[in-house]
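K.L.:
Here you go, one structure.
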Amino acid sequence: MFTLKTIIVFVILGISLDYSIGCKRVEETNKFANTDISVKLKKSTKLQYEILKGSKILQTVTFDNFNTDNDLQMTTKGTIQISDGKETIEFELVTSSDTITHVRVIRENVADNGQPMDCFDLDMASTHWYGGPEDRYQYYPVERLTFEDYSYVTKEDHNAGVAERYWLNSNGLFIYVETETPLFITQNAKGYENKLCLSAHNSLPYNTRAKSRSFVYHIGVGDNAKTAHMHAVETLLGHPTSYPDERMVKYPIWSTWALYKADINEQIVRDFGDAVLNYGFENSQLEIDDDWEDCYGALTFRKSKFPDIKKLTDDLKAKGFRVTLWIHPFINNNCQDTYNDALAKGYLVLDHNGKPNTQWWNSKTGEAAYVDFTKPEVQEWFKKRLQRLQTEDGIESFKFDAGETSWVPSDPILSGDDVLSPHQITQQYVRTVGSFGPMVEVRAGQGTQDMAIFVRMIDKDSEWSWNNGLLTLITTLLQLNMNGYPFVLPDMIGGNGYNNKPPTKELFIRWLQANVFMPSLQFSFVPWTFDEETIEISKKFTKLHADYTPQIMERFKLAASTGEPVNPPLWWVDPEDRTAQGICDQFLLGDSIIAAPIIRENETKRDIYLPKGTWKDGNSDSVHTGPIWIMDYPAPLDTLPYFIKQA
């Protein structure tokens with residue numbers, strides 16, 4: 001029974017209690033000093049906390065593995081905490097303004113406290129979610145994805161080349177999990193339907209020998225999704241400090257990979273370059289892809305394939321090409337001289353048994369090693385070997401493949417902070433190779449949004465579907481942009497032709513059209529494989545892309561200045577537009593051009609949504625005032641629907 005004196009004490013402390021007769025606490029609230037932001041505990045089937053601004057609930061989170069009857073406490077440093085006697089959860093107010101509320105949630109010593117799990121309702125009936133990991137089935141918005149106790153690191157599984165620990169929803173909520181957290185996610189799994197749950201446990205692939213682990217995440221709630229995202233970019237994600245090479249934007253990259261795979265030599269490269277010129281196409285560079293080395297990891301050209309590489313690169317440059325080269329971070333053990341030298345010097349990633357054995361797609365199990373980029377001396381050794389390719393062989397820049405954590409041996413020994421393992425192998429690889437300048441492309445990222453380099457989508461298949469096909473070209477573009485990577489290099493036009501299934505003429509042309517308002521064009525399958533019509537249509541759209549290079553570069557510069565995405569989702573124009581929030585098959589260049597390509601087989605028309613504003617049809621003089629649906633917009637094979645915002 002509470003006395004009047006007790007109630008007065010509660011009021012002085014800023015604690016509000018709501019009790020029912022015969023029951024322990026139902027609700028308890030504690031306010032951050034000198035603000036209208038508070039944390040409320042409440043009990044339903046599980047203990048929950050709410051973040052409130054005044055009386056408005058900003059966000060509710062459910063503790064899946066935490067329960068206590070203890071009270072919220074204000075600490076001397078101004079944070080709010082709750083303890084069950086073993087574990088303490090602390091709430092720190094980072095920012096409170098008219099437009100954004102930002103709270104940091106902290107648990108220490110995860111290794112000693114089991115597996116904490118905090119769950120967010122996806123509320124899929126009325127809310128859309130963005131960000132999350134790169135995925136083979138890149139649904140977008142991302143609330144449809146399913147994961148069960150999924151280790152949140154870059155890895156081959158799911159095509160997760162980029163796995164930023166960041167989510168944003170259409171209501172203006174963002175979630176960001178700090179890198180030191182051994183994060184696992186569960187989303188839409190059995191028993192957790194319509195939920196995104198963050199958990200932390202001291203298990204592989206993280207370093208189980210780390211002395212302590214924390215579980216720390218941020219919750220931000222803004223007026224809308226755009227406000228929330230830009231706050232996250234400014235305070236957590238970061239943004240590029242410069243931008244990539246303009247010629248790679250304006251003119252196509254021509255790669256040997258999809259067309260020739262590993263069957264390349266000097267004559268094939270010469271013939272490929274000559275065909276590009278003879279058919280009247282421009283180029284930014286010619287890229288020599290897989291199987292040019294003496295052996296994987298040697299970083300020297302095989303004489304039987306390339307008898308005089310310097311003469312080849314000189315001849316190509318004389319014809320107007322720049323020459324770039326495919327590089328990977330592995331050394332196969334049959335590359336004995338390089339492998340033995342690197343192993344003796346301690347330059348390879350070892351497991352806790354002292355073994356470097358791993359594998360990748362160009363080795364068998366245990367027959368390869370991963371170069372240890374977490375060691376500064378190894379970074380310098382690797383860079384010097386690449387510099388030799390530039391100075392002696394005439395290579396101008398590089399396409400860097402792999403980089404994900406899953407290629408290292410299981411339970412690896414990596415240099416640096418134990419709690420950052422295995423993240424740092426991705427980050428240090430990207431930072432090492434990114435130092436080669438604005439023509440660089442990588443396919444992995446981990447906290448490397450500040451790099452002024454292209455991030456390439458992981459290989460797409462020559463398909464139409466959600467199964468890593470054309471549709472996911474757009475959704476992956478959006479996913480990467482909303483994780484803070486604005487310089488996206490779309491994969492090969494037409495896909496990679498895996499399983500002996502090259503693109504059809506229709507797929508090739510529609511894929512090219514989808515690329516036009518993306519940052520760059522990358523050909524490997526070529527227009528002249530098909531017919532004269534394909535050549536003419538391809539010239540039309542490579543020119544259209546080149547014509548809009550100034551607008552692309554303008555957005556590149558803005559991304560380097562403020563962190564705004566180059567290709568945002570349609571709702572960027574109007575964050576309150578609920579229709580735009582759910583659209584996955586259109587995208588923006590900046591906030592002034594809408595691309596609405598055909599991405600389904602045998603379609604020659606489509607419905608297009610235009611958000612608020614006045615939009616001129618790029619294929620005619622017609623003007624539309626949004627928000628509006630244009631139904632059955634005609635788009636025969638030579639037509640890309642796009643719209644330009646009018647002042």
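Just remember, in the structure tokens the first chain shown is A, the second B, etc., residues are 1-based per chain, and ligands are 1-based in the order shown.
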Which neighbours of Asn481 (chain A) fall inside 9 Å, counting only C-alpha atoms, when residues of the same chain fewer than 6 positions from it are skipped, and could you give them as a list in words?
P.N.:
Gly131, Phe487, Val488, Glu564, Pro565, Val566, Asn567, Pro568 and Pro569 of chain A
K.L.:
Residues at most 6 Å from region 39-42 of chain A, counting only C-alpha atoms, excluding those fewer than 2 positions away in the same chain, as a ChimeraX atom specification?
P.N.:
/A:26-30,48-51
K.L.:
Within 12 Å of region 383-393 of chain A, which residues of region 414-451 of chain A come that close, and what is the closest atom pair and distance in Å for each? Count only C-alpha atoms and give it as CSV.
P.N.:
residue,atom,partner,partner_atom,distance
A:Tyr429,CA,A:Lys383,CA,10.8
A:Arg431,CA,A:Lys383,CA,11.2
A:Thr432,CA,A:Lys383,CA,7.5
A:Val433,CA,A:Lys383,CA,7.4
A:Gly434,CA,A:Lys383,CA,10.4
A:Ser435,CA,A:Lys383,CA,8.9
A:Phe436,CA,A:Lys383,CA,8.5
K.L.:
If I take CA of Tyr140 (chain A) and CA of Cys584 (chain A), how far is one from the other in Å, to one decimal?
P.N.:
5.7 Å
K.L.:
Among region 259-503 of chain A, which ones does DSSP place in strand (DSSP E), written as a VMD selection string?
P.N.:
chain A and resid 285 to 288 323 to 327 330 to 332 350 to 351 368 to 370 397 to 400 412 to 413 441 to 442 454 to 456 488 to 489
K.L.:
Would you save the residues of that selection, restricted to N, CA and C atoms, as a compact mmCIF listing (two decimals), in the first residue's frame?
P.N.:
# COMPACT_ATOMS: atom_id res chain seq x y z
N GLN A 285 36.96 1.53 -70.31
CA GLN A 285 38.12 0.66 -70.12
C GLN A 285 37.78 -0.75 -70.60
N LEU A 286 38.82 -1.54 -70.80
CA LEU A 286 38.67 -2.95 -71.11
C LEU A 286 39.23 -3.72 -69.91
N GLU A 287 38.43 -4.62 -69.40
CA GLU A 287 38.75 -5.31 -68.16
C GLU A 287 39.09 -6.78 -68.44
N ILE A 288 40.32 -7.18 -68.11
CA ILE A 288 40.74 -8.57 -68.24
C ILE A 288 40.35 -9.30 -66.96
N VAL A 323 43.22 -0.19 -69.53
CA VAL A 323 43.19 -1.63 -69.27
C VAL A 323 43.17 -1.86 -67.76
N THR A 324 42.17 -2.61 -67.31
CA THR A 324 42.05 -2.95 -65.89
C THR A 324 42.07 -4.47 -65.73
N LEU A 325 42.23 -4.91 -64.49
CA LEU A 325 42.53 -6.32 -64.25
C LEU A 325 41.77 -6.84 -63.04
N TRP A 326 41.25 -8.06 -63.15
CA TRP A 326 40.55 -8.74 -62.06
C TRP A 326 41.55 -9.26 -61.04
N ILE A 327 41.26 -8.98 -59.76
CA ILE A 327 42.15 -9.37 -58.65
C ILE A 327 41.31 -10.00 -57.55
N PHE A 330 43.24 -14.30 -52.66
CA PHE A 330 43.60 -15.67 -52.31
C PHE A 330 44.94 -16.09 -52.92
N ILE A 331 45.55 -17.10 -52.30
CA ILE A 331 46.70 -17.78 -52.89
C ILE A 331 46.44 -19.28 -52.79
N ASN A 332 46.39 -19.95 -53.94
CA ASN A 332 46.21 -21.39 -53.93
C ASN A 332 47.54 -22.08 -53.60
N LEU A 350 45.40 -17.57 -40.55
CA LEU A 350 45.47 -18.90 -39.95
C LEU A 350 44.28 -19.12 -39.02
N ASP A 351 43.90 -20.39 -38.83
CA ASP A 351 42.92 -20.70 -37.80
C ASP A 351 43.66 -20.92 -36.48
N ALA A 368 43.46 -23.50 -50.57
CA ALA A 368 43.73 -22.07 -50.76
C ALA A 368 43.93 -21.40 -49.41
N ALA A 369 44.46 -20.20 -49.46
CA ALA A 369 44.62 -19.37 -48.27
C ALA A 369 44.17 -17.96 -48.59
N TYR A 370 43.77 -17.24 -47.55
CA TYR A 370 43.27 -15.87 -47.66
C TYR A 370 44.37 -14.94 -47.15
N SER A 397 44.10 0.03 -63.51
CA SER A 397 43.37 -0.10 -62.25
C SER A 397 42.84 -1.52 -62.15
N PHE A 398 42.00 -1.76 -61.14
CA PHE A 398 41.66 -3.14 -60.80
C PHE A 398 40.19 -3.30 -60.42
N LYS A 399 39.69 -4.49 -60.73
CA LYS A 399 38.40 -4.99 -60.23
C LYS A 399 38.73 -5.98 -59.11
N PHE A 400 38.35 -5.66 -57.87
CA PHE A 400 38.67 -6.50 -56.74
C PHE A 400 37.47 -7.36 -56.37
N PRO A 412 39.10 -17.96 -37.34
CA PRO A 412 40.40 -17.41 -37.75
C PRO A 412 41.08 -16.60 -36.65
N ILE A 413 42.38 -16.44 -36.78
CA ILE A 413 43.14 -15.51 -35.96
C ILE A 413 43.37 -14.26 -36.81
N GLU A 441 36.93 -0.90 -58.28
CA GLU A 441 35.63 -1.46 -57.92
C GLU A 441 35.85 -2.62 -56.95
N VAL A 442 34.97 -2.73 -55.96
CA VAL A 442 34.96 -3.83 -55.00
C VAL A 442 33.55 -4.40 -54.96
N PHE A 454 33.69 2.44 -56.56
CA PHE A 454 32.46 1.74 -56.92
C PHE A 454 32.30 0.47 -56.08
N VAL A 455 31.09 0.23 -55.64
CA VAL A 455 30.74 -1.04 -55.00
C VAL A 455 29.88 -1.82 -55.99
N ARG A 456 30.41 -2.93 -56.45
CA ARG A 456 29.72 -3.72 -57.48
C ARG A 456 28.73 -4.69 -56.85
N VAL A 488 27.15 2.76 -56.87
CA VAL A 488 26.84 1.35 -57.14
C VAL A 488 27.19 1.02 -58.58
N LEU A 489 27.97 -0.05 -58.74
CA LEU A 489 28.28 -0.55 -60.08
C LEU A 489 27.37 -1.73 -60.37
K.L.:
Could you tell me which of A:Lys195, A:Lys460, A:Lys501, A:Lys375 comes closest to Val142 (chain A) if we count only C-alpha atoms?
P.N.:
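Closest to Val142 (chain A) of all the choices is A:Lys195.
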K.L.:
For the contact check between region 370-465 of chain A and region 151-157 of chain A, emit one row per residue of region 370-465 of chain A within 7 Å, containing the shortest atom pair and the distance in Å rounded to one decimal, counting only C-alpha atoms, chain then rising number order, as a tab-separated table.
P.N.:
residue	atom	partner	partner_atom	distance
A:Glu404	CA	A:Lys155	CA	4.8
A:Thr405	CA	A:Lys155	CA	5.5
A:Ser406	CA	A:Lys155	CA	4.7
A:His423	CA	A:Val153	CA	6.8
K.L.:
Determine, counting only C-alpha atoms, which protein, DNA and RNA residues have an atom within 12 Å of an atom of Phe556 (chain A); residues of the same chain fewer than 4 positions away are not included. Present the result as an NGL selection string.
P.N.:
:A and (239-246 or 249 or 452-454 or 481 or 485-488 or 518-520 or 549-552 or 560-567 or 589-590)
K.L.:
Identify which of the residues A:Gly280, A:Gly172, A:Gly320, A:Gly484 lies closest to Gly132 (chain A), counting only C-alpha atoms when measuring atom-to-atom distances.
P.N.:
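Distance minimum relative to Gly132 (chain A) lands on A:Gly484.
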K.L.:
Could you give me the residues within region 213-448 of chain A that DSSP places in alpha helix (DSSP H), as a PDB file with C-alpha atoms, in the first residue's frame?
P.N.:
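What landed in selection-v9.pdb:
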ATOM      1  CA  ALA A 225      12.182   8.264 -43.161  1.00  0.00           C
ATOM      2  CA  LYS A 226      14.286  10.826 -45.035  1.00  0.00           C
ATOM      3  CA  THR A 227      14.993  12.846 -41.882  1.00  0.00           C
ATOM      4  CA  ALA A 228      15.838   9.684 -39.943  1.00  0.00           C
ATOM      5  CA  HIS A 229      18.121   8.357 -42.681  1.00  0.00           C
ATOM      6  CA  MET A 230      20.073  11.571 -43.116  1.00  0.00           C
ATOM      7  CA  HIS A 231      20.615  11.721 -39.339  1.00  0.00           C
ATOM      8  CA  ALA A 232      21.925   8.139 -39.435  1.00  0.00           C
ATOM      9  CA  GLU A 246      33.847  10.167 -64.439  1.00  0.00           C
ATOM     10  CA  ARG A 247      34.863   8.225 -67.537  1.00  0.00           C
ATOM     11  CA  MET A 248      33.651   5.007 -65.837  1.00  0.00           C
ATOM     12  CA  VAL A 249      30.316   6.760 -65.460  1.00  0.00           C
ATOM     13  CA  LYS A 250      30.032   8.149 -68.965  1.00  0.00           C
ATOM     14  CA  TRP A 257      34.095 -12.327 -67.824  1.00  0.00           C
ATOM     15  CA  ALA A 258      30.517 -13.200 -68.797  1.00  0.00           C
ATOM     16  CA  LEU A 259      31.273 -13.734 -72.485  1.00  0.00           C
ATOM     17  CA  TYR A 260      34.510 -15.727 -72.190  1.00  0.00           C
ATOM     18  CA  GLU A 266      45.989 -12.147 -75.646  1.00  0.00           C
ATOM     19  CA  GLN A 267      44.305 -12.708 -78.994  1.00  0.00           C
ATOM     20  CA  ILE A 268      40.837 -12.920 -77.482  1.00  0.00           C
ATOM     21  CA  VAL A 269      41.414  -9.659 -75.622  1.00  0.00           C
ATOM     22  CA  ARG A 270      42.690  -7.972 -78.798  1.00  0.00           C
ATOM     23  CA  ASP A 271      39.725  -9.223 -80.817  1.00  0.00           C
ATOM     24  CA  PHE A 272      37.312  -8.135 -78.091  1.00  0.00           C
ATOM     25  CA  GLY A 273      38.717  -4.608 -78.089  1.00  0.00           C
ATOM     26  CA  ASP A 274      38.692  -4.408 -81.877  1.00  0.00           C
ATOM     27  CA  ALA A 275      35.043  -5.507 -81.992  1.00  0.00           C
ATOM     28  CA  VAL A 276      34.030  -2.778 -79.525  1.00  0.00           C
ATOM     29  CA  LEU A 277      35.616  -0.175 -81.794  1.00  0.00           C
ATOM     30  CA  ASN A 278      34.517  -1.702 -85.090  1.00  0.00           C
ATOM     31  CA  ILE A 309      51.407  -8.182 -71.687  1.00  0.00           C
ATOM     32  CA  LYS A 310      53.111  -4.781 -71.890  1.00  0.00           C
ATOM     33  CA  LYS A 311      52.830  -4.713 -75.671  1.00  0.00           C
ATOM     34  CA  LEU A 312      49.173  -5.719 -75.362  1.00  0.00           C
ATOM     35  CA  THR A 313      48.351  -2.946 -72.902  1.00  0.00           C
ATOM     36  CA  ASP A 314      50.336  -0.408 -74.935  1.00  0.00           C
ATOM     37  CA  ASP A 315      48.476  -1.382 -78.117  1.00  0.00           C
ATOM     38  CA  LEU A 316      45.096  -1.171 -76.389  1.00  0.00           C
ATOM     39  CA  LYS A 317      45.919   2.244 -74.960  1.00  0.00           C
ATOM     40  CA  ALA A 318      46.926   3.422 -78.432  1.00  0.00           C
ATOM     41  CA  GLN A 336      54.023 -22.909 -54.407  1.00  0.00           C
ATOM     42  CA  ASP A 337      56.578 -20.119 -54.470  1.00  0.00           C
ATOM     43  CA  THR A 338      54.087 -17.386 -53.594  1.00  0.00           C
ATOM     44  CA  TYR A 339      52.167 -19.561 -51.137  1.00  0.00           C
ATOM     45  CA  ASN A 340      55.245 -20.787 -49.252  1.00  0.00           C
ATOM     46  CA  ASP A 341      56.758 -17.314 -49.103  1.00  0.00           C
ATOM     47  CA  ALA A 342      53.538 -15.751 -47.764  1.00  0.00           C
ATOM     48  CA  LEU A 343      53.054 -18.576 -45.243  1.00  0.00           C
ATOM     49  CA  ALA A 344      56.629 -18.287 -43.956  1.00  0.00           C
ATOM     50  CA  LYS A 345      56.268 -14.534 -43.508  1.00  0.00           C
ATOM     51  CA  PRO A 376      49.648  -3.457 -42.028  1.00  0.00           C
ATOM     52  CA  GLU A 377      52.814  -5.101 -43.369  1.00  0.00           C
ATOM     53  CA  VAL A 378      50.674  -7.469 -45.474  1.00  0.00           C
ATOM     54  CA  GLN A 379      48.683  -4.561 -46.863  1.00  0.00           C
ATOM     55  CA  GLU A 380      51.910  -2.935 -48.047  1.00  0.00           C
ATOM     56  CA  TRP A 381      53.227  -6.213 -49.508  1.00  0.00           C
ATOM     57  CA  PHE A 382      50.001  -6.752 -51.461  1.00  0.00           C
ATOM     58  CA  LYS A 383      49.915  -3.168 -52.723  1.00  0.00           C
ATOM     59  CA  LYS A 384      53.533  -3.324 -53.950  1.00  0.00           C
ATOM     60  CA  ARG A 385      52.720  -6.413 -55.985  1.00  0.00           C
ATOM     61  CA  LEU A 386      49.780  -4.614 -57.578  1.00  0.00           C
ATOM     62  CA  GLN A 387      51.893  -1.533 -58.232  1.00  0.00           C
ATOM     63  CA  ARG A 388      54.307  -3.735 -60.188  1.00  0.00           C
ATOM     64  CA  LEU A 389      51.408  -4.721 -62.456  1.00  0.00           C
ATOM     65  CA  GLN A 390      50.860  -1.035 -63.089  1.00  0.00           C
ATOM     66  CA  THR A 391      54.448   0.071 -63.628  1.00  0.00           C
ATOM     67  CA  GLU A 392      55.773  -2.966 -65.534  1.00  0.00           C
ATOM     68  CA  ASP A 393      52.676  -4.417 -67.223  1.00  0.00           C
ATOM     69  CA  HIS A 423      34.487  -7.919 -39.641  1.00  0.00           C
ATOM     70  CA  GLN A 424      37.918  -6.394 -39.951  1.00  0.00           C
ATOM     71  CA  ILE A 425      39.051  -8.705 -42.761  1.00  0.00           C
ATOM     72  CA  THR A 426      36.398  -7.203 -45.057  1.00  0.00           C
ATOM     73  CA  GLN A 427      37.030  -3.651 -43.955  1.00  0.00           C
ATOM     74  CA  GLN A 428      40.821  -3.849 -44.159  1.00  0.00           C
ATOM     75  CA  TYR A 429      40.728  -5.572 -47.553  1.00  0.00           C
ATOM     76  CA  VAL A 430      38.473  -2.856 -48.967  1.00  0.00           C
ATOM     77  CA  ARG A 431      40.549  -0.069 -47.439  1.00  0.00           C
ATOM     78  CA  THR A 432      43.769  -1.609 -48.771  1.00  0.00           C
ATOM     79  CA  VAL A 433      42.591  -1.981 -52.344  1.00  0.00           C
ATOM     80  CA  GLY A 434      40.506   1.194 -52.293  1.00  0.00           C
TER      81      GLY A 434
END
